[in-house]
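Colleague: Below is the file run.cif, with mmCIF, C-alpha atoms.
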```cif
data_upload
#
loop_
_atom_site.label_atom_id
_atom_site.label_comp_id
_atom_site.auth_asym_id
_atom_site.auth_seq_id
_atom_site.Cartn_x
_atom_site.Cartn_y
_atom_site.Cartn_z
CA MET A 1 0.00 0.00 0.00
CA SER A 2 1.37 3.41 -0.98
CA GLN A 3 0.53 6.88 0.31
CA ARG A 4 0.85 10.37 -1.11
CA LEU A 5 2.02 13.17 1.20
CA GLY A 6 1.81 16.86 0.38
CA GLY A 7 4.90 18.98 0.92
CA ASN A 8 6.29 22.47 0.80
CA LEU A 9 8.84 22.63 -1.97
CA LEU A 10 11.84 24.47 -0.48
CA VAL A 11 14.11 23.85 -3.47
CA HIS A 12 12.66 22.74 -6.80
CA GLY A 13 14.98 20.27 -8.53
CA ASN A 14 15.47 20.27 -12.28
CA GLU A 15 14.99 16.57 -13.06
CA ASP A 16 11.92 14.37 -13.35
CA HIS A 17 11.88 11.50 -10.88
CA HIS A 18 11.77 7.76 -11.17
CA VAL A 19 10.92 5.49 -8.26
CA CYS A 20 13.86 5.63 -5.86
CA PRO A 21 14.91 3.74 -2.75
CA VAL A 22 14.10 5.59 0.46
CA MET A 23 16.30 6.08 3.51
CA VAL A 24 14.52 7.11 6.72
CA SER A 25 15.79 8.21 10.10
CA ASP A 26 14.31 10.09 13.05
CA VAL A 27 17.77 11.50 13.86
CA PRO A 28 18.95 14.79 12.28
CA LEU A 29 22.11 14.46 10.21
CA SER A 30 25.12 16.75 10.08
CA PHE A 31 26.25 17.01 6.47
CA TRP A 32 29.64 18.47 7.50
CA GLY A 33 31.43 15.52 9.08
CA GLY A 34 28.37 13.34 8.58
CA ILE A 35 28.48 12.58 4.84
CA ASP A 36 31.50 12.04 2.60
CA GLU A 37 30.95 14.53 -0.22
CA LYS A 38 33.02 12.42 -2.64
CA THR A 39 31.16 9.13 -2.12
CA GLY A 40 27.79 10.09 -0.62
CA VAL A 41 28.31 7.63 2.25
CA VAL A 42 27.14 8.55 5.76
CA ILE A 43 30.36 8.59 7.81
CA ASP A 44 28.93 9.73 11.15
CA THR A 45 29.48 6.57 13.20
CA THR A 46 26.81 7.60 15.71
CA HIS A 47 24.04 7.98 13.12
CA PRO A 48 21.56 5.15 12.38
CA LEU A 49 22.29 5.47 8.64
CA HIS A 50 26.05 5.07 9.08
CA GLY A 51 27.71 3.25 6.21
CA GLN A 52 24.86 3.74 3.75
CA SER A 53 25.08 5.86 0.60
CA VAL A 54 22.56 8.65 0.03
CA GLU A 55 23.28 8.74 -3.72
CA GLY A 56 20.13 8.38 -5.79
CA THR A 57 17.85 7.97 -2.78
CA ILE A 58 15.02 9.90 -1.22
CA LEU A 59 16.57 10.80 2.12
CA CYS A 60 14.04 11.43 4.90
CA ILE A 61 15.42 13.08 8.05
CA PRO A 62 14.00 15.65 10.48
CA SER A 63 16.64 18.26 9.59
CA GLY A 64 20.31 18.89 9.30
CA ARG A 65 22.31 19.68 12.40
CA GLY A 66 25.60 21.23 13.41
CA SER A 67 27.92 23.28 11.28
CA SER A 68 27.22 26.15 8.90
CA THR A 69 29.27 24.12 6.41
CA ALA A 70 26.32 21.84 5.59
CA SER A 71 25.71 23.99 2.51
CA GLN A 72 29.24 23.39 1.24
CA VAL A 73 28.89 19.63 1.55
CA MET A 74 25.53 19.73 -0.20
CA LEU A 75 26.99 21.66 -3.14
CA GLU A 76 29.88 19.21 -3.50
CA LEU A 77 27.51 16.23 -3.30
CA ILE A 78 25.46 17.74 -6.14
CA LEU A 79 28.47 18.52 -8.33
CA ASN A 80 30.00 15.08 -7.67
CA GLY A 81 26.76 13.35 -8.64
CA LYS A 82 26.47 11.81 -5.16
CA ALA A 83 23.48 13.73 -3.80
CA PRO A 84 20.10 12.22 -2.98
CA LYS A 85 17.39 12.55 -5.61
CA ALA A 86 15.29 14.30 -2.98
CA LEU A 87 15.56 15.37 0.63
CA ILE A 88 12.40 15.11 2.74
CA LEU A 89 12.55 17.20 5.92
CA ARG A 90 10.37 17.79 8.95
CA ASP A 91 11.73 21.34 9.34
CA ARG A 92 12.24 24.27 6.99
CA ASP A 93 16.02 23.93 7.06
CA GLY A 94 17.73 26.83 5.35
CA LEU A 95 21.27 25.70 6.16
CA VAL A 96 20.94 22.50 4.15
CA SER A 97 19.03 24.20 1.34
CA VAL A 98 21.60 26.90 0.52
CA GLY A 99 23.97 24.48 -1.22
CA ALA A 100 21.21 23.51 -3.64
CA LEU A 101 20.30 27.17 -4.23
CA ILE A 102 23.91 27.97 -5.10
CA ALA A 103 24.08 24.99 -7.46
CA GLN A 104 21.01 26.24 -9.33
CA SER A 105 22.33 29.80 -9.52
CA VAL A 106 25.97 29.20 -10.43
CA PHE A 107 26.07 25.71 -11.98
CA PRO A 108 23.10 25.42 -14.38
CA GLU A 109 24.51 22.17 -15.76
CA ALA A 110 24.19 20.46 -12.37
CA THR A 111 21.34 18.10 -11.49
CA VAL A 112 19.75 19.67 -8.42
CA LEU A 113 17.68 17.68 -5.96
CA ASP A 114 14.23 18.53 -4.64
CA ILE A 115 14.16 19.59 -0.99
CA ILE A 116 10.71 19.19 0.52
CA GLN A 117 9.33 19.96 3.97
CA VAL A 118 6.39 17.82 5.04
CA ASP A 119 4.17 18.73 7.99
CA ASP A 120 3.26 15.11 8.66
CA PHE A 121 6.77 13.77 9.08
CA ALA A 122 5.47 11.42 11.79
CA SER A 123 3.62 9.52 9.07
CA VAL A 124 6.87 9.04 7.16
CA LEU A 125 8.50 7.55 10.25
CA ALA A 126 5.50 5.33 11.00
CA MET A 127 5.35 4.09 7.41
CA ASN A 128 9.12 3.47 7.18
CA PRO A 129 8.84 3.32 3.38
CA LYS A 130 11.25 1.46 1.15
CA TYR A 131 10.47 3.25 -2.13
CA GLY A 132 9.25 6.67 -3.18
CA LYS A 133 8.72 9.09 -6.03
CA VAL A 134 8.53 12.89 -6.01
CA LEU A 135 5.89 14.47 -8.24
CA SER A 136 6.08 17.76 -10.09
CA ASP A 137 4.07 19.65 -7.47
CA GLY A 138 6.37 18.66 -4.62
CA SER A 139 4.15 15.95 -3.22
CA VAL A 140 5.73 12.56 -2.66
CA VAL A 141 4.40 9.02 -2.99
CA LEU A 142 5.88 6.56 -0.51
CA GLY A 143 5.36 2.84 -0.02
CA GLN A 144 6.82 -0.59 0.63
CA GLU A 145 6.85 -1.81 -2.98
CA SER A 146 8.18 -0.02 -6.04
CA ALA A 147 5.31 -1.24 -8.25
CA SER A 148 2.59 0.20 -6.01
CA VAL A 149 4.48 3.50 -5.70
CA GLU A 150 4.74 3.75 -9.49
CA THR A 151 1.05 2.94 -9.96
CA LEU A 152 -0.16 5.62 -7.54
CA ALA A 153 2.39 8.16 -8.76
CA THR A 154 1.34 7.63 -12.39
CA THR A 155 -2.32 8.09 -11.50
CA VAL A 156 -1.66 11.33 -9.62
CA ALA A 157 0.82 12.65 -12.18
CA SER A 158 -1.84 12.48 -14.90
CA THR A 159 -3.68 15.29 -13.10
CA LEU A 160 -0.60 17.50 -12.70
CA GLY A 161 1.21 19.72 -15.14
CA PRO A 162 4.83 19.24 -16.27
CA ARG A 163 7.70 20.04 -13.96
CA GLN A 164 8.53 23.74 -13.94
CA ILE A 165 10.74 25.70 -11.57
CA PRO A 166 8.35 28.30 -10.16
CA LYS A 167 9.33 31.94 -10.52
CA VAL A 168 9.54 34.04 -7.39
CA VAL A 169 7.45 37.21 -7.61
CA PRO A 170 9.55 39.83 -5.80
CA THR A 171 8.11 42.23 -3.25
CA PRO A 172 8.68 45.95 -3.90
CA GLU A 173 11.62 45.85 -1.47
CA GLU A 174 13.12 42.84 -3.24
CA GLN A 175 12.64 44.42 -6.66
CA LEU A 176 14.46 47.53 -5.42
CA MET A 177 17.34 45.34 -4.21
CA MET A 178 17.53 43.75 -7.65
CA ASP A 179 17.36 47.11 -9.43
CA GLN A 180 20.13 48.56 -7.26
CA ALA A 181 22.51 45.64 -7.85
CA ALA A 182 25.50 47.12 -9.65
CA THR A 183 27.21 43.89 -10.82
CA ASN A 184 26.30 40.38 -11.90
CA ALA A 185 27.77 39.10 -8.64
CA GLU A 186 25.51 41.37 -6.61
CA ARG A 187 22.47 40.36 -8.65
CA ARG A 188 23.26 36.70 -8.04
CA ALA A 189 23.73 37.39 -4.32
CA VAL A 190 20.40 39.21 -4.10
CA GLU A 191 18.66 36.36 -5.89
CA CYS A 192 20.12 33.80 -3.47
CA ILE A 193 19.08 35.84 -0.42
CA ILE A 194 15.54 36.23 -1.76
CA ARG A 195 15.16 32.52 -2.47
CA TYR A 196 16.57 31.67 0.95
CA ALA A 197 14.11 34.04 2.62
CA ARG A 198 11.20 32.39 0.78
CA ILE A 199 12.21 29.03 2.26
CA LEU A 200 11.58 30.42 5.72
CA THR A 201 8.68 32.84 5.18
CA GLU A 202 6.16 33.81 2.52
CA THR A 203 6.32 37.54 3.36
CA PRO A 204 9.99 38.44 3.77
CA VAL A 205 11.34 41.81 4.80
CA TYR A 206 15.00 42.68 5.17
CA VAL A 207 17.27 44.47 7.63
CA PRO A 208 20.64 46.17 6.93
CA VAL A 209 23.70 44.60 8.57
CA GLU A 210 26.92 46.35 9.57
CA LYS A 211 29.51 43.57 9.88
CA ALA A 212 30.06 40.12 8.40
CA HIS A 213 32.13 37.05 9.25
CA ILE A 214 32.53 34.42 6.55
CA ASP A 215 32.61 30.74 7.46
CA GLY A 216 32.58 29.53 3.84
CA CYS A 217 36.30 30.17 3.27
CA THR A 218 37.15 26.66 4.49
CA TYR A 219 38.03 24.55 1.46
CA ILE A 220 35.75 21.53 1.06
CA GLY A 221 35.96 20.95 -2.68
CA PRO A 222 36.31 22.54 -6.13
CA GLY A 223 32.65 23.62 -6.29
CA GLY A 224 33.04 26.12 -3.46
CA LEU A 225 36.20 27.52 -5.03
CA LYS A 226 34.51 27.96 -8.41
CA PHE A 227 31.59 29.73 -6.72
CA VAL A 228 33.82 32.36 -5.09
CA GLN A 229 35.94 32.77 -8.21
CA ARG A 230 32.75 33.42 -10.17
CA LEU A 231 31.80 36.16 -7.69
CA VAL A 232 35.22 37.76 -8.22
CA GLN A 233 34.97 37.52 -12.01
CA ASP A 234 31.50 39.07 -11.92
CA GLY A 235 32.66 42.13 -9.97
CA GLY A 236 31.66 41.13 -6.45
CA GLN A 237 32.67 43.38 -3.55
CA VAL A 238 31.50 43.31 0.05
CA ARG A 239 29.56 46.37 1.23
CA ILE A 240 30.42 46.05 4.92
CA PRO A 241 33.53 45.24 7.01
CA THR A 242 33.97 41.49 6.57
CA THR A 243 36.30 39.11 8.37
CA LEU A 244 37.22 35.56 7.40
CA ASN A 245 37.17 32.31 9.33
CA SER A 246 40.25 30.13 9.70
CA VAL A 247 41.05 28.27 6.49
CA SER A 248 42.30 24.75 5.82
CA THR A 249 46.02 25.57 5.83
CA ASP A 250 48.51 27.98 7.37
CA LEU A 251 48.71 30.76 4.80
CA ARG A 252 52.08 32.21 5.85
CA HIS A 253 54.19 29.40 7.27
CA TRP A 254 52.89 26.27 5.58
CA ALA A 255 56.24 25.55 3.90
CA LYS A 256 58.22 26.03 7.15
CA LEU A 257 55.79 23.74 8.92
CA GLY A 258 56.52 20.98 6.42
CA ILE A 259 53.00 20.97 4.98
CA ILE A 260 52.92 19.08 1.69
CA PRO A 261 51.59 21.29 -1.14
CA THR A 262 48.79 18.96 -2.21
CA GLU A 263 46.07 19.96 -4.65
CA SER A 264 43.61 20.70 -1.82
CA GLN A 265 46.22 22.68 0.15
CA GLN A 266 46.95 24.87 -2.84
CA ALA A 267 43.23 25.23 -3.53
CA SER A 268 42.73 26.38 0.05
CA ARG A 269 45.24 29.19 -0.47
CA THR A 270 43.57 30.15 -3.75
CA LEU A 271 40.18 30.21 -2.01
CA ALA A 272 41.50 32.54 0.70
CA GLN A 273 42.92 34.87 -1.96
CA ALA A 274 39.57 34.92 -3.78
CA TYR A 275 37.73 36.02 -0.64
CA VAL A 276 40.30 38.75 -0.06
CA ALA A 277 39.72 39.88 -3.66
CA LEU A 278 36.05 40.36 -2.73
CA GLY A 279 37.15 42.94 -0.15
CA CYS A 280 37.25 40.68 2.93
CA SER A 281 39.93 41.40 5.53
CA GLU A 282 43.25 39.67 4.93
CA ARG A 283 44.15 40.32 8.59
CA SER A 284 41.51 38.04 10.08
CA PHE A 285 41.37 34.30 9.25
CA THR A 286 40.13 33.33 12.69
CA CYS A 287 37.19 31.40 14.11
CA ALA A 288 37.11 33.89 17.01
CA PRO A 289 36.35 37.23 15.28
CA TYR A 290 35.08 38.63 18.57
CA LEU A 291 38.75 38.86 19.66
CA LEU A 292 39.64 41.20 16.80
CA ASP A 293 39.59 44.98 17.03
CA HIS A 294 36.16 46.63 16.93
CA PRO A 295 33.91 43.65 17.75
CA PRO A 296 30.14 44.02 17.23
CA GLN A 297 28.27 46.09 19.78
CA LEU A 298 25.09 45.54 21.79
CA GLY A 299 22.06 45.50 19.48
CA GLN A 300 24.13 45.71 16.28
CA GLN A 301 22.77 43.75 13.31
CA ILE A 302 25.46 41.51 11.79
CA VAL A 303 25.78 38.47 9.55
CA TRP A 304 28.11 35.85 10.99
CA GLY A 305 28.91 32.28 10.11
CA GLU A 306 30.98 29.95 12.38
CA SER A 307 28.84 28.34 15.05
CA ASN A 308 30.81 29.34 18.15
CA ALA A 309 31.06 32.96 17.00
CA VAL A 310 27.32 33.16 16.42
CA VAL A 311 26.60 32.03 19.97
CA TYR A 312 29.17 34.44 21.43
CA ALA A 313 27.84 37.36 19.39
CA ASN A 314 24.23 36.85 20.44
CA THR A 315 24.98 36.27 24.12
CA VAL A 316 28.16 37.91 25.40
CA LEU A 317 28.21 40.78 22.89
CA GLY A 318 24.45 41.18 22.53
CA ALA A 319 24.71 41.61 18.75
CA ARG A 320 22.11 40.02 16.48
CA THR A 321 22.80 37.30 13.94
CA GLU A 322 21.33 34.02 12.81
CA LYS A 323 23.70 31.13 12.12
CA TYR A 324 24.32 31.78 8.44
CA ALA A 325 25.13 29.01 6.01
CA ASP A 326 28.38 29.05 4.07
CA TYR A 327 27.89 30.89 0.74
CA LEU A 328 24.84 32.73 2.06
CA ASP A 329 27.16 34.64 4.40
CA ILE A 330 29.20 36.14 1.53
CA CYS A 331 26.02 36.90 -0.44
CA CYS A 332 24.68 38.89 2.52
CA ALA A 333 28.02 40.71 2.90
CA ILE A 334 27.89 41.73 -0.77
CA VAL A 335 24.30 42.96 -0.51
CA GLY A 336 24.55 44.36 3.04
CA LYS A 337 21.15 43.00 4.04
CA VAL A 338 19.65 39.86 5.58
CA PRO A 339 16.10 38.58 5.98
CA ALA A 340 14.54 40.02 9.15
CA LEU A 341 14.00 36.64 10.79
CA GLY A 342 14.86 34.74 13.95
CA VAL A 343 17.04 36.44 16.52
CA HIS A 344 17.43 39.54 14.38
CA LEU A 345 13.98 40.41 15.80
CA GLU A 346 13.36 41.54 19.36
CA GLU A 347 10.39 39.21 19.85
CA HIS A 348 12.58 36.17 19.23
CA ARG A 349 15.21 37.24 21.75
CA GLN A 350 13.03 37.00 24.84
CA PRO A 351 14.17 34.29 27.28
CA LYS A 352 11.79 31.43 27.93
CA VAL A 353 13.91 29.35 30.33
CA VAL A 354 15.51 30.40 33.64
CA LEU A 355 18.52 28.43 34.85
CA ASP A 356 18.96 28.54 38.62
CA CYS A 357 22.69 28.06 39.26
CA THR A 358 22.65 28.88 42.97
CA GLY A 359 24.51 26.34 45.05
CA ILE A 360 26.63 25.11 42.15
#
```
As a first step, turn the structure in this file into structure tokens.
Modeller:
Amino acid sequence: MSQRLGGNLLVHGNEDHHVCPVMVSDVPLSFWGGIDEKTGVVIDTTHPLHGQSVEGTILCIPSGRGSSTASQVMLELILNGKAPKALILRDRDGLVSVGALIAQSVFPEATVLDIIQVDDFASVLAMNPKYGKVLSDGSVVLGQESASVETLATTVASTLGPRQIPKVVPTPEEQLMMDQAATNAERRAVECIIRYARILTETPVYVPVEKAHIDGCTYIGPGGLKFVQRLVQDGGQVRIPTTLNSVSTDLRHWAKLGIIPTESQQASRTLAQAYVALGCSERSFTCAPYLLDHPPQLGQQIVWGESNAVVYANTVLGARTEKYADYLDICCAIVGKVPALGVHLEEHRQPKVVLDCTGI
């Protein structure tokens, strides 16, 4: 017996689906450190799906978890042809989705997966399906047998139109952002921010930011390097003071330290240089930007990647930033705006839990 579930299409893939094997878990999965981007195999030894490959599957998990670098891993999975055919989520997970958005924007030749949020994720867990097929409207047919999935999917598909990537109708504010974009890089950055905002809300508004910290300068694979090089080629420049996270090699003393100049080590240096060419500070390269001169101030709106820095900024410093996915962080720094969501807003910064530490 098969069942059709409706879903909110967060990222619309560009390929029609066949019946695929389904992988299901009730445990969120960290893409960074959780999946090998070259093979598609789950390498997190603590995860129930450990050892299995996500390539060509419909992967059903509650959400991603952990690092801002999930978007980098997703992009590399897509470009390496090792990504799932679809990702079914319980939550509207922007961190995981950004890698697919970048693939669509910068690599039109890539096969991009569908990312779908379903409200009734409990039914997916209860069903524990073995096969599934995503339809053109973002709904998904799941079941225990491939033949019954195909039969129901074919019946439903006959009532639907062909697969088309829906166009986003910009708000007046978004249209102004597009009109004011001075370069192709800025236009691409605005487009990515708008599409990201629509994943999280149907009525986005935006807030200016004054500082940025980029987590995406860590080298994961050639896709991330090509993305930043494309921004440089297309005239990208950050609008606000922007620092860089630590990179994958020592930039000054790597030879003295005996580091072998492998392809990835050299690519890491090239990636760092590309971010500097975008106007980012060459005097940063730290995962603790709050220790640099002129840290963010109380109430200041910023856009920071790097998980520990985000927590420190929102608590100790009292600045305001969401945990921004790699690649989205540099887009926001180029545009100088972020969606007015989450802890950027006063109503989402009110404490709900009191910890009594007396006597400890």
Colleague: CA of Gly223 in chain A to CA of Tyr327 in chain A: how many Å, to one decimal?
Modeller: 11.2 Å
Colleague: Using all atoms listed in the file, find the one residue out of A:Glu191, A:Glu322, A:Asp119, A:Asp26 that sits nearest to Leu101 in chain A.
Modeller: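 Closest to Leu101 in chain A, using all atoms listed in the file: A:Glu191.
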Colleague: I'd like the interatomic distance between CA of Tyr131 in chain A and CA of Val22 in chain A, to a tenth of an Å.
Modeller: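 Rounded to one decimal, the two atoms are 5.0 Å apart.
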Colleague: What do you get, as a PyMOL selection string, if you spell out every residue that the PyMOL selection byres ((chain A and resi 257-274) around 7) selects here?
Modeller: chain A and resi 217+219+225+228-229+232+247-249+251+253-256+275-278
Colleague: Given the selection you just returned, output its residues as a file containing C-alpha atoms, formatted as an mmCIF file, keeping the file's coordinate frame.
Modeller:
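What ended up in selection-v9.cif:
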```cif
data_model
loop_
_atom_site.group_PDB
_atom_site.id
_atom_site.type_symbol
_atom_site.label_atom_id
_atom_site.label_comp_id
_atom_site.auth_asym_id
_atom_site.auth_seq_id
_atom_site.Cartn_x
_atom_site.Cartn_y
_atom_site.Cartn_z
ATOM 1 C CA CYS A 217 36.300 30.170 3.270
ATOM 2 C CA TYR A 219 38.030 24.550 1.460
ATOM 3 C CA LEU A 225 36.200 27.520 -5.030
ATOM 4 C CA VAL A 228 33.820 32.360 -5.090
ATOM 5 C CA GLN A 229 35.940 32.770 -8.210
ATOM 6 C CA VAL A 232 35.220 37.760 -8.220
ATOM 7 C CA VAL A 247 41.050 28.270 6.490
ATOM 8 C CA SER A 248 42.300 24.750 5.820
ATOM 9 C CA THR A 249 46.020 25.570 5.830
ATOM 10 C CA LEU A 251 48.710 30.760 4.800
ATOM 11 C CA HIS A 253 54.190 29.400 7.270
ATOM 12 C CA TRP A 254 52.890 26.270 5.580
ATOM 13 C CA ALA A 255 56.240 25.550 3.900
ATOM 14 C CA LYS A 256 58.220 26.030 7.150
ATOM 15 C CA TYR A 275 37.730 36.020 -0.640
ATOM 16 C CA VAL A 276 40.300 38.750 -0.060
ATOM 17 C CA ALA A 277 39.720 39.880 -3.660
ATOM 18 C CA LEU A 278 36.050 40.360 -2.730
#
```
Colleague: Apply the PyMOL selection byres ((chain A and resi 1-11) around 7) to the displayed file and report the matching residues as a PyMOL selection string.
Modeller: chain A and resi 12-13+97+114-118+138-144+148-149+199
Colleague: Between A:Lys337, A:Lys323, A:His17, A:Lys352, single out the one closest to Val238 in chain A, counting all atoms listed in the file.
Modeller: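 Looking only at the distances to Val238 in chain A, the closest residue turns out to be A:Lys337.
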Colleague: Skip Ala153 in chain A itself and residues of its chain fewer than 3 positions away, then list as a list in words all residues within 8 Å of it, counting only C-alpha atoms.
Modeller: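 Counting only C-alpha atoms, the residues come to Lys133, Leu135, Val141, Val149, Glu150, Val156 and Ala157 of chain A.
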Colleague: For Ile88 in chain A, which residue out of A:Thr159, A:Thr57, A:Ser68, A:Gln180 is the nearest one, using all atoms listed in the file?
Modeller: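 Ranked by minimum distance to Ile88 in chain A, first place goes to A:Thr57.
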